[in-house]
>>> print(open('structure32.txt').read())   # compact mmCIF, C-alpha atoms
# COMPACT_ATOMS: atom_id res chain seq x y z
CA MET V 1 -12.17 -14.12 -7.19
CA ASN V 2 -10.24 -12.09 -9.77
CA LYS V 3 -13.41 -10.49 -11.09
CA ILE V 4 -14.60 -9.61 -7.61
CA ARG V 5 -11.24 -8.06 -6.79
CA LEU V 6 -11.19 -6.08 -10.04
CA ALA V 7 -14.72 -4.83 -9.33
CA VAL V 8 -13.74 -3.76 -5.80
CA GLN V 9 -10.62 -2.01 -7.10
CA LEU V 10 -12.60 -0.16 -9.78
CA VAL V 11 -15.45 0.87 -7.49
CA PHE V 12 -13.10 2.03 -4.73
CA THR V 13 -10.93 4.01 -7.16
CA ILE V 14 -13.97 5.69 -8.73
CA VAL V 15 -15.60 6.48 -5.37
CA THR V 16 -12.45 7.96 -3.84
CA ASN V 17 -11.70 9.93 -7.02
CA GLY V 18 -15.24 10.94 -7.79
CA TYR V 19 -14.95 14.73 -7.77
CA MET V 20 -15.80 15.25 -11.43
CA TYR V 21 -15.83 19.05 -11.19
CA GLY V 22 -12.09 18.90 -10.49
CA PHE V 23 -11.36 16.88 -13.61
CA MET V 24 -13.39 19.24 -15.76
CA ASN V 25 -11.89 22.47 -14.40
CA GLY V 26 -8.35 21.56 -13.36
CA LYS V 27 -9.04 22.17 -9.68
CA ILE V 28 -9.04 19.97 -6.59
CA TYR V 29 -11.64 19.14 -3.95
CA GLN V 30 -11.42 21.35 -0.85
CA GLY V 31 -14.10 19.90 1.42
CA ASN V 32 -14.01 18.41 4.88
CA LEU V 33 -13.52 14.81 3.71
CA LYS V 34 -9.86 15.70 3.24
CA TYR V 35 -9.42 15.58 6.99
CA MET V 36 -9.42 11.80 6.45
CA CYS V 37 -7.06 9.57 4.49
CA VAL V 38 -7.78 6.85 1.96
CA PRO V 39 -6.03 3.57 2.76
CA GLY V 40 -4.09 3.35 -0.53
CA LEU V 41 -1.63 5.55 -2.38
CA ASN V 42 -3.88 8.22 -3.90
CA CYS V 43 -2.44 11.69 -4.46
CA TYR V 44 -4.51 14.42 -2.80
CA SER V 45 -3.68 16.68 -5.71
CA CYS V 46 -5.62 14.40 -8.02
CA PRO V 47 -8.49 16.58 -9.27
CA GLY V 48 -10.96 13.85 -8.36
CA ALA V 49 -9.54 12.91 -4.94
CA VAL V 50 -12.03 13.41 -2.14
CA MET V 51 -9.72 12.31 0.68
CA SER V 52 -6.03 12.64 1.59
CA CYS V 53 -3.10 10.40 0.76
CA PRO V 54 -1.69 8.74 3.92
CA ILE V 55 1.94 9.06 2.79
CA GLY V 56 1.35 12.69 1.80
CA ALA V 57 -0.30 13.30 5.16
CA LEU V 58 2.62 11.70 7.01
CA GLN V 59 5.08 13.92 5.15
CA ALA V 60 2.93 17.00 5.74
CA LEU V 61 3.08 16.37 9.49
CA LEU V 62 6.84 15.72 9.39
CA ASN V 63 7.37 18.85 7.30
CA GLN V 64 5.34 20.98 9.67
CA GLN V 65 6.24 19.49 13.00
CA GLY V 66 9.70 17.96 12.51
CA LEU V 67 10.49 15.40 15.19
CA THR V 68 7.04 15.56 16.80
CA VAL V 69 5.42 12.11 16.58
CA PRO V 70 2.78 12.16 13.79
CA PHE V 71 0.15 10.43 15.93
CA GLY V 72 -2.75 11.17 13.60
CA VAL V 73 -1.29 9.25 10.66
CA LEU V 74 0.31 6.55 12.83
CA GLY V 75 -3.11 5.91 14.36
CA PHE V 76 -4.59 5.57 10.89
CA PHE V 77 -1.87 3.07 9.90
CA PHE V 78 -2.40 1.03 13.06
CA VAL V 79 -6.18 0.83 12.62
CA VAL V 80 -6.18 0.06 8.89
CA GLY V 81 -3.08 -2.17 9.07
CA SER V 82 -4.35 -4.19 12.03
CA LEU V 83 -7.66 -4.81 10.33
CA LEU V 84 -6.58 -5.33 6.74
CA GLY V 85 -2.79 -5.61 6.40
CA ARG V 86 -1.85 -5.53 2.74
CA VAL V 87 -5.43 -6.20 1.65
CA VAL V 88 -5.22 -2.47 0.98
CA CYS V 89 -2.53 -3.06 -1.66
CA GLY V 90 -4.35 -5.91 -3.34
CA TRP V 91 -7.87 -4.56 -3.26
CA LEU V 92 -8.01 -0.82 -2.58
CA CYS V 93 -4.99 0.95 -4.09
CA PRO V 94 -5.59 2.89 -7.34
CA PHE V 95 -1.98 2.68 -8.45
CA GLY V 96 -2.01 -1.05 -7.76
CA LEU V 97 -5.05 -1.31 -10.03
CA VAL V 98 -3.19 0.51 -12.81
CA GLN V 99 -0.26 -1.88 -12.52
CA ASP V 100 -2.59 -4.90 -12.45
CA LEU V 101 -4.29 -3.78 -15.65
CA LEU V 102 -0.99 -3.14 -17.40
CA HIS V 103 0.27 -6.57 -16.38
CA LYS V 104 -2.67 -8.13 -18.22
CA ILE V 105 -1.44 -6.78 -21.56
CA PRO V 106 -0.30 -9.89 -23.42
CA VAL V 107 2.93 -8.64 -24.96
CA PHE V 108 5.98 -9.77 -22.99
CA ARG V 109 6.72 -13.05 -21.28
CA LYS V 110 5.56 -12.26 -17.77
CA ARG V 111 7.80 -12.34 -14.71
CA LYS V 112 6.73 -12.40 -11.11
CA ARG V 113 9.93 -10.87 -9.80
CA LEU V 114 12.96 -8.90 -10.90
CA PRO V 115 16.44 -10.42 -10.70
CA PHE V 116 18.02 -9.83 -7.28
CA HIS V 117 14.52 -9.76 -5.80
CA ASN V 118 15.73 -10.59 -2.32
CA ILE V 119 17.87 -7.46 -2.29
CA LEU V 120 15.57 -5.18 -4.25
CA LYS V 121 12.52 -5.98 -2.10
CA HIS V 122 14.12 -3.97 0.70
CA GLY V 123 13.92 -0.89 -1.51
CA LYS V 124 10.50 -0.03 -0.11
CA TYR V 125 11.93 0.17 3.41
CA VAL V 126 14.76 2.38 2.16
CA THR V 127 12.17 4.61 0.47
CA LEU V 128 10.14 4.79 3.66
CA VAL V 129 13.08 5.72 5.85
CA LEU V 130 15.10 7.92 3.52
CA LEU V 131 12.51 9.70 1.41
CA VAL V 132 9.35 9.70 3.51
CA CYS V 133 10.78 10.13 6.99
CA VAL V 134 14.34 11.48 6.99
CA GLY V 135 13.98 13.29 3.67
CA SER V 136 10.78 15.00 4.74
CA MET V 137 12.28 16.20 7.97
CA PHE V 138 15.57 17.72 6.95
CA LEU V 139 17.72 15.89 4.43
CA PHE V 140 16.92 17.48 1.09
CA SER V 141 17.15 21.13 0.07
CA GLY V 142 19.10 21.93 3.20
CA PHE V 143 16.52 22.28 5.93
CA ALA V 144 13.72 23.46 3.66
CA LYS V 145 11.50 20.52 4.66
CA ILE V 146 9.87 19.17 1.54
CA PRO V 147 7.78 16.05 0.94
CA ALA V 148 10.73 14.24 -0.62
CA PHE V 149 8.88 11.07 -1.65
CA CYS V 150 6.11 13.03 -3.37
CA LYS V 151 8.56 15.37 -5.00
CA TYR V 152 11.12 12.95 -6.37
CA LEU V 153 9.51 9.54 -6.70
CA CYS V 154 5.76 9.14 -6.29
CA PRO V 155 4.38 7.87 -9.62
CA SER V 156 0.82 8.03 -8.31
CA GLY V 157 1.14 11.79 -7.93
CA THR V 158 2.30 12.13 -11.52
CA LEU V 159 -0.36 9.84 -12.96
CA LEU V 160 -3.38 10.79 -10.85
CA GLY V 161 -2.40 14.34 -9.92
CA ALA V 162 -0.05 15.97 -12.40
CA LEU V 163 -1.32 14.69 -15.73
CA PRO V 164 -5.03 15.44 -15.20
CA LEU V 165 -4.30 18.81 -13.59
CA LEU V 166 -1.79 19.94 -16.19
CA SER V 167 -4.09 18.91 -19.01
CA ARG V 168 -6.76 21.34 -17.76
CA ASN V 169 -4.74 24.10 -16.10
CA GLU V 170 -2.80 26.45 -18.37
CA LEU V 171 -1.10 28.30 -15.49
CA LEU V 172 0.37 25.10 -14.05
CA ARG V 173 1.37 23.86 -17.49
CA SER V 174 3.47 26.97 -18.02
CA GLN V 175 5.60 26.08 -14.97
CA ILE V 176 6.70 22.62 -16.12
CA GLY V 177 10.44 22.06 -15.72
CA GLY V 178 13.09 19.39 -15.28
CA LEU V 179 11.55 17.97 -12.13
CA PHE V 180 8.32 17.21 -13.92
CA TYR V 181 10.17 15.37 -16.70
CA TRP V 182 12.12 13.38 -14.10
CA LYS V 183 8.86 12.30 -12.45
CA LEU V 184 7.28 11.57 -15.80
CA GLY V 185 10.29 9.38 -16.63
CA VAL V 186 9.93 7.50 -13.34
CA LEU V 187 6.23 6.98 -14.04
CA LEU V 188 6.76 5.75 -17.60
CA PHE V 189 9.56 3.41 -16.51
CA LEU V 190 7.38 1.87 -13.80
CA LEU V 191 4.36 1.59 -16.08
CA LEU V 192 6.39 -0.12 -18.79
CA LEU V 193 7.98 -2.41 -16.23
CA SER V 194 4.52 -3.28 -14.94
CA VAL V 195 3.66 -4.85 -18.29
CA LYS V 196 6.50 -7.33 -17.79
CA VAL V 197 6.82 -7.68 -13.99
CA PHE V 198 3.96 -7.96 -11.51
CA ARG V 199 3.53 -4.66 -9.63
CA PRO V 200 7.18 -3.51 -9.54
CA PHE V 201 6.36 -0.34 -7.61
CA CYS V 202 4.45 -2.25 -4.92
CA GLN V 203 7.11 -4.95 -4.60
CA TYR V 204 10.18 -2.74 -4.58
CA LEU V 205 9.43 0.91 -3.85
CA CYS V 206 6.09 1.60 -2.16
CA PRO V 207 6.51 2.94 1.40
CA LEU V 208 2.86 2.25 2.11
CA GLY V 209 3.38 -1.42 1.28
CA ALA V 210 6.34 -1.44 3.66
CA ILE V 211 4.10 -0.13 6.44
CA TYR V 212 1.11 -2.39 5.83
CA GLY V 213 3.38 -5.40 5.26
CA TRP V 214 4.48 -5.14 8.87
CA PHE V 215 0.86 -5.72 9.96
CA ASN V 216 0.35 -8.77 7.71
CA ARG V 217 1.32 -11.28 10.36
CA PHE V 218 -1.39 -10.34 12.82
CA SER V 219 -4.03 -8.41 10.88
CA LEU V 220 -7.67 -9.42 11.21
CA VAL V 221 -8.08 -10.43 7.58
CA GLN V 222 -5.87 -13.42 6.82
CA ILE V 223 -5.64 -16.27 4.37
CA ARG V 224 -6.04 -19.38 6.45
CA TRP V 225 -4.34 -22.60 5.44
CA GLU V 226 -5.95 -25.83 6.60
CA LYS V 227 -2.99 -28.11 6.41
CA GLU V 228 -4.97 -31.31 6.83
CA LYS V 229 -6.83 -30.61 3.59
CA CYS V 230 -3.69 -29.70 1.63
CA ILE V 231 -2.59 -32.19 -1.02
CA SER V 232 0.66 -30.28 -1.75
CA CYS V 233 -0.21 -29.87 -5.42
CA GLY V 234 1.55 -26.51 -5.61
CA ALA V 235 -1.35 -24.78 -7.41
CA CYS V 236 -1.34 -21.92 -4.90
CA GLU V 237 2.37 -21.33 -5.37
CA ARG V 238 2.03 -21.25 -9.13
CA ALA V 239 -0.92 -18.85 -8.87
CA CYS V 240 0.73 -16.47 -6.41
CA PRO V 241 1.73 -13.35 -8.36
CA VAL V 242 4.56 -12.55 -5.95
CA ALA V 243 5.90 -16.12 -5.94
CA LEU V 244 5.35 -16.99 -2.29
CA ASP V 245 5.24 -20.59 -1.16
CA VAL V 246 2.28 -21.87 0.79
CA GLN V 247 3.88 -21.42 4.19
CA GLU V 248 4.59 -17.76 3.44
CA ILE V 249 1.17 -16.89 2.07
CA SER V 250 -0.63 -14.43 4.32
CA VAL V 251 2.15 -13.96 6.88
CA SER V 252 4.83 -12.65 4.51
CA PRO V 253 5.08 -8.85 4.24
CA GLU V 254 5.09 -9.39 0.47
CA CYS V 255 1.61 -11.01 0.39
CA ILE V 256 -0.94 -8.51 -0.94
CA ARG V 257 -3.90 -10.79 -0.16
CA CYS V 258 -5.01 -10.82 -3.80
CA GLY V 259 -6.69 -14.18 -3.26
CA LYS V 260 -5.33 -15.87 -6.38
CA CYS V 261 -4.07 -18.74 -4.22
CA VAL V 262 -7.55 -19.11 -2.72
CA GLY V 263 -9.11 -19.33 -6.17
CA ALA V 264 -6.48 -21.78 -7.41
CA CYS V 265 -6.65 -24.26 -4.54
CA PRO V 266 -8.51 -27.42 -5.69
CA THR V 267 -9.27 -28.60 -2.16
CA LYS V 268 -10.22 -25.20 -0.73
CA CYS V 269 -7.66 -25.52 2.00
CA LEU V 270 -6.82 -21.83 1.60
CA GLN V 271 -9.59 -19.46 2.63
CA PHE V 272 -9.93 -15.84 3.53
CA SER V 273 -10.75 -15.56 7.18
CA GLY V 274 -11.47 -12.89 9.70
CA PHE V 275 -11.29 -13.66 13.37
CA LYS V 276 -11.42 -17.32 14.26
CA ALA V 277 -10.34 -18.23 17.76
CA GLY V 278 -7.29 -20.46 17.90
CA SER V 279 -7.04 -20.88 14.15
CA VAL V 280 -3.74 -21.76 12.56
CA VAL V 281 -3.47 -19.22 9.80
CA SER V 282 -0.54 -20.69 8.01
CA GLY V 283 1.58 -23.66 8.86
CA LYS V 284 4.84 -25.24 7.83
CA LYS V 285 5.11 -27.97 5.25
CA GLU V 286 6.07 -31.39 6.43
CA ALA V 287 9.54 -32.44 5.40
CA MET U 288 5.94 -27.41 23.67
CA ASP U 289 2.35 -28.53 23.30
CA PHE U 290 1.24 -24.99 22.74
CA LEU U 291 2.87 -25.21 19.29
CA LYS U 292 0.56 -28.03 18.22
CA ASN U 293 -2.43 -27.36 16.05
CA ASP U 294 -5.74 -29.22 16.20
CA ALA U 295 -4.27 -32.11 14.25
CA GLY U 296 -1.39 -32.45 16.68
CA ASP U 297 1.12 -31.16 14.16
CA ARG U 298 4.33 -29.98 15.80
CA GLY U 299 5.86 -28.56 12.64
CA ILE U 300 4.48 -25.09 13.17
CA SER U 301 6.67 -22.32 14.38
CA ALA U 302 5.36 -19.86 16.92
CA ARG U 303 6.06 -17.09 14.45
CA ARG U 304 3.35 -18.46 12.17
CA ARG U 305 0.82 -19.07 14.86
CA VAL U 306 -1.01 -15.87 14.28
CA GLY U 307 -4.62 -14.87 14.17
CA GLY U 308 -6.75 -14.78 17.30
CA TYR U 309 -6.81 -11.37 18.86
CA GLY U 310 -3.41 -10.17 17.63
CA TRP U 311 -5.03 -7.38 15.63
CA LEU U 312 -7.00 -5.96 18.54
CA PRO U 313 -4.16 -4.19 20.42
CA GLY U 314 -3.16 -2.61 17.12
CA VAL U 315 -6.64 -1.24 16.55
CA LEU U 316 -6.90 0.05 20.13
CA LEU U 317 -3.45 1.65 19.94
CA GLY U 318 -4.44 3.19 16.61
CA ILE U 319 -7.58 4.69 18.09
CA ILE U 320 -5.56 6.18 20.95
CA PHE U 321 -3.04 7.61 18.48
CA LEU U 322 -5.86 9.06 16.38
CA TRP U 323 -7.30 10.69 19.47
CA ILE U 324 -3.93 12.18 20.42
CA GLY U 325 -3.39 13.37 16.86
CA ALA U 326 -6.80 15.02 16.82
CA ALA U 327 -6.13 16.68 20.18
CA GLN U 328 -2.87 18.09 18.81
CA GLY U 329 -4.62 19.50 15.74
CA GLN U 330 -2.74 17.28 13.32
CA PHE U 331 -5.75 16.68 11.12
CA GLY U 332 -5.98 20.41 10.51
CA VAL U 333 -2.38 20.33 9.24
CA ILE U 334 -3.26 17.46 6.91
CA TRP U 335 -6.39 19.22 5.65
CA ARG U 336 -4.56 22.48 4.96
CA LYS U 337 -1.97 20.59 2.93
CA ALA U 338 -4.56 18.50 1.09
CA VAL U 339 -6.89 21.28 -0.07
CA MET U 340 -4.18 23.18 -1.91
CA ILE U 341 -2.54 21.87 -5.06
CA CYS U 342 0.71 20.27 -3.96
CA LEU U 343 3.28 21.56 -6.44
CA GLU U 344 5.87 19.03 -5.33
CA CYS U 345 3.43 16.17 -5.89
CA ILE U 346 2.76 17.18 -9.47
CA GLY U 347 6.42 17.80 -10.20
CA ILE U 348 6.62 21.56 -10.59
CA GLY U 349 7.45 22.60 -7.03
>>> encode(input="structure32.txt", output="structure tokens")
Amino acid sequence: MNKIRLAVQLVFTIVTNGYMYGFMNGKIYQGNLKYMCVPGLNCYSCPGAVMSCPIGALQALLNQQGLTVPFGVLGFFFVVGSLLGRVVCGWLCPFGLVQDLLHKIPVFRKRKRLPFHNILKHGKYVTLVLLVCVGSMFLFSGFAKIPAFCKYLCPSGTLLGALPLLSRNELLRSQIGGLFYWKLGVLLFLLLLSVKVFRPFCQYLCPLGAIYGWFNRFSLVQIRWEKEKCISCGACERACPVALDVQEISVSPECIRCGKCVGACPTKCLQFSGFKAGSVVSGKKEA
Amino acid sequence: MDFLKNDAGDRGISARRRVGGYGWLPGVLLGIIFLWIGAAQGQFGVIWRKAVMICLECIGIG
């Protein structure tokens, strides 16, 4: 399961960032595919990006149209979220892939969560409301309307957009200032933290995870628990990288559907499932 | 409260967890309607115009 997921992550990242001309010349793709969004966090200023970032697109609409409902991006979130939930985070997000790879480096004793997890996990909702929504509409720089999340926090933009562009574009490189070093610091902090803690950005800061997490409970793709087969061995809970117990797997907004619990279960009582009429997706342990 | 039982007759399942079925379908339909409204309002043009120019804020120099 892990190898399949890694392959999907790699293929999806390469396909959605496959504009090689951009990497070679320090420019970005300007074709019609950018009318559409990728499901994961993928900066549209990445030289290789062939589609738009959904969070960037949401902020662009809020910047341009203020309090007008951004139906285009909301529709995208409803369709993708209802079908996949946080499968996007576990299988399709380039920045999630980067954090996964860093977490495999065998240097520190690994942790699944940070201390004060139950408080910090709400950080992604704060980011969504304050930086993506309110900040983009009017909060920062007076009423100048800037994409506040992209500008002050997004590590994906720094890693996939800024670093490749600045390495090939002398004009942009000459304009580097304090803001760039702030974003570089945020990126380096999160990358270093990823070596120790499983996906800190996804667990604590990602506004896209906050949105897709809301769809987890009723999305089409679920992890189904057949309680009658369960021998309560706890293998799934030990395998879960975000430390969920078996009754939370799949329905929790924190579950990224990585499938490690499915692979770990000795009795195969946990399975990925699409639509199955009347199925109990996850149940409650007997006392 | 029989509707809370699963196939094995287990009553220890909260309604909150009894998901699946067609729960995703209204979301997809609503999403398609929203996409259609967004397209009619020209919102994808706004997104495209933003996405085809280098976003200086995104790369930390804007």
>>> residues_near_point(input="structure32.txt", point="(-5.8, 17.6, -7.7)", cutoff="9 Å", atoms="only C-alpha atoms", output="list in words")
Gly22, Phe23, Gly26, Lys27, Ile28, Tyr29, Cys43, Tyr44, Ser45, Cys46, Pro47, Gly48, Ala49, Leu160, Gly161, Ala162, Pro164 and Leu165 of chain V; Ala338, Val339, Met340, Ile341, Cys342 and Ile346 of chain U
>>> interface_residues(input="structure32.txt", of="chain U", to="chain V", cutoff="6 Å", atoms="only C-alpha atoms", output="JSON, numbers by chain")
{"U": [299, 300, 305, 306, 307, 308, 310, 311, 314, 315, 318, 319, 321, 322, 325, 331, 334, 335, 338, 339, 341, 342, 344, 345, 346, 347, 348]}
>>> closest_residue(input="structure32.txt", among="V:Leu190, V:Ile55, V:Val87, V:Pro94", to="V:Asn17", atoms="all atoms listed in the file")
V:Pro94
>>> axis_aligned_box(input="structure32.txt", around="stretch 152-161 of chain V", padding_each_side="5 Å", output="lines of an AutoDock Vina configuration file")
center_x = 3.9
center_y = 11.1
center_z = -9.6
size_x = 24.5
size_y = 16.5
size_z = 16.7
>>> atom_distance(input="structure32.txt", atom1="atom CA of V:Gln99", atom2="atom CA of V:Val134")
27.8 Å
>>> atom_distance(input="structure32.txt", atom1="atom CA of V:His122", atom2="atom CA of V:Cys258")
20.8 Å
>>> atom_distance(input="structure32.txt", atom1="atom CA of V:Cys269", atom2="atom CA of V:Ala243")
18.3 Å
>>> residues_around(input="structure32.txt", residues="V:Leu191", least_positions_apart="6", cutoff="12 Å", atoms="only C-alpha atoms", output="VMD selection string")
chain V and resid 95 to 103 105 155 to 156 158 to 159 184 to 185 197 to 202
>>> build_atoms(input="structure32.txt", residues="stretch 309-334 of chain U", atoms="N, CA, C and O atoms", output="CSV table (one decimal), in the frame of the given file")
chain,number,residue,atom,x,y,z
U,309,TYR,N,-6.6,-12.8,18.6
U,309,TYR,CA,-6.8,-11.4,18.9
U,309,TYR,C,-5.6,-10.5,18.6
U,309,TYR,O,-5.5,-9.4,19.1
U,310,GLY,N,-4.6,-11.0,17.8
U,310,GLY,CA,-3.4,-10.2,17.6
U,310,GLY,C,-3.7,-8.8,17.0
U,310,GLY,O,-2.9,-7.9,17.3
U,311,TRP,N,-4.7,-8.7,16.3
U,311,TRP,CA,-5.0,-7.4,15.6
U,311,TRP,C,-5.6,-6.4,16.6
U,311,TRP,O,-5.6,-5.2,16.4
U,312,LEU,N,-6.2,-6.9,17.7
U,312,LEU,CA,-7.0,-6.0,18.5
U,312,LEU,C,-6.2,-4.9,19.2
U,312,LEU,O,-6.5,-3.7,19.2
U,313,PRO,N,-5.0,-5.2,19.8
U,313,PRO,CA,-4.2,-4.2,20.4
U,313,PRO,C,-3.8,-3.1,19.4
U,313,PRO,O,-3.7,-1.9,19.7
U,314,GLY,N,-3.5,-3.6,18.2
U,314,GLY,CA,-3.2,-2.6,17.1
U,314,GLY,C,-4.3,-1.6,16.9
U,314,GLY,O,-4.0,-0.4,16.7
U,315,VAL,N,-5.5,-2.1,16.8
U,315,VAL,CA,-6.6,-1.2,16.6
U,315,VAL,C,-6.8,-0.3,17.7
U,315,VAL,O,-7.0,0.9,17.6
U,316,LEU,N,-6.7,-0.8,18.9
U,316,LEU,CA,-6.9,0.0,20.1
U,316,LEU,C,-5.8,1.1,20.2
U,316,LEU,O,-6.1,2.3,20.5
U,317,LEU,N,-4.6,0.7,19.9
U,317,LEU,CA,-3.4,1.6,19.9
U,317,LEU,C,-3.7,2.7,18.9
U,317,LEU,O,-3.4,3.9,19.1
U,318,GLY,N,-4.2,2.2,17.7
U,318,GLY,CA,-4.4,3.2,16.6
U,318,GLY,C,-5.5,4.2,17.0
U,318,GLY,O,-5.3,5.4,16.7
U,319,ILE,N,-6.5,3.8,17.7
U,319,ILE,CA,-7.6,4.7,18.1
U,319,ILE,C,-7.0,5.7,19.1
U,319,ILE,O,-7.3,6.9,19.0
U,320,ILE,N,-6.2,5.2,20.0
U,320,ILE,CA,-5.6,6.2,21.0
U,320,ILE,C,-4.7,7.2,20.2
U,320,ILE,O,-4.7,8.4,20.5
U,321,PHE,N,-3.9,6.7,19.3
U,321,PHE,CA,-3.0,7.6,18.5
U,321,PHE,C,-3.9,8.6,17.7
U,321,PHE,O,-3.5,9.8,17.6
U,322,LEU,N,-5.0,8.1,17.1
U,322,LEU,CA,-5.9,9.1,16.4
U,322,LEU,C,-6.4,10.1,17.3
U,322,LEU,O,-6.5,11.3,16.9
U,323,TRP,N,-6.8,9.7,18.5
U,323,TRP,CA,-7.3,10.7,19.5
U,323,TRP,C,-6.2,11.7,19.9
U,323,TRP,O,-6.5,12.9,19.9
U,324,ILE,N,-5.0,11.2,20.1
U,324,ILE,CA,-3.9,12.2,20.4
U,324,ILE,C,-3.7,13.1,19.2
U,324,ILE,O,-3.5,14.3,19.4
U,325,GLY,N,-3.6,12.6,18.1
U,325,GLY,CA,-3.4,13.4,16.9
U,325,GLY,C,-4.5,14.4,16.7
U,325,GLY,O,-4.2,15.6,16.4
U,326,ALA,N,-5.7,14.0,16.9
U,326,ALA,CA,-6.8,15.0,16.8
U,326,ALA,C,-6.7,16.1,17.9
U,326,ALA,O,-6.9,17.3,17.6
U,327,ALA,N,-6.3,15.7,19.1
U,327,ALA,CA,-6.1,16.7,20.2
U,327,ALA,C,-5.0,17.7,19.9
U,327,ALA,O,-5.1,18.8,20.3
U,328,GLN,N,-4.0,17.2,19.2
U,328,GLN,CA,-2.9,18.1,18.8
U,328,GLN,C,-3.1,18.9,17.5
U,328,GLN,O,-2.2,19.6,17.1
U,329,GLY,N,-4.3,18.7,16.9
U,329,GLY,CA,-4.6,19.5,15.7
U,329,GLY,C,-3.9,19.0,14.5
U,329,GLY,O,-3.8,19.8,13.5
U,330,GLN,N,-3.5,17.8,14.5
U,330,GLN,CA,-2.7,17.3,13.3
U,330,GLN,C,-3.6,17.1,12.1
U,330,GLN,O,-3.1,17.2,11.0
U,331,PHE,N,-4.9,16.9,12.3
U,331,PHE,CA,-5.8,16.7,11.1
U,331,PHE,C,-6.0,18.0,10.4
U,331,PHE,O,-6.2,18.0,9.2
U,332,GLY,N,-5.9,19.1,11.1
U,332,GLY,CA,-6.0,20.4,10.5
U,332,GLY,C,-4.8,20.7,9.6
U,332,GLY,O,-4.9,21.2,8.5
U,333,VAL,N,-3.6,20.2,10.1
U,333,VAL,CA,-2.4,20.3,9.2
U,333,VAL,C,-2.5,19.5,7.9
U,333,VAL,O,-2.2,20.0,6.9
U,334,ILE,N,-3.1,18.3,8.1
U,334,ILE,CA,-3.3,17.5,6.9
U,334,ILE,C,-4.3,18.1,6.0
U,334,ILE,O,-4.0,18.2,4.7
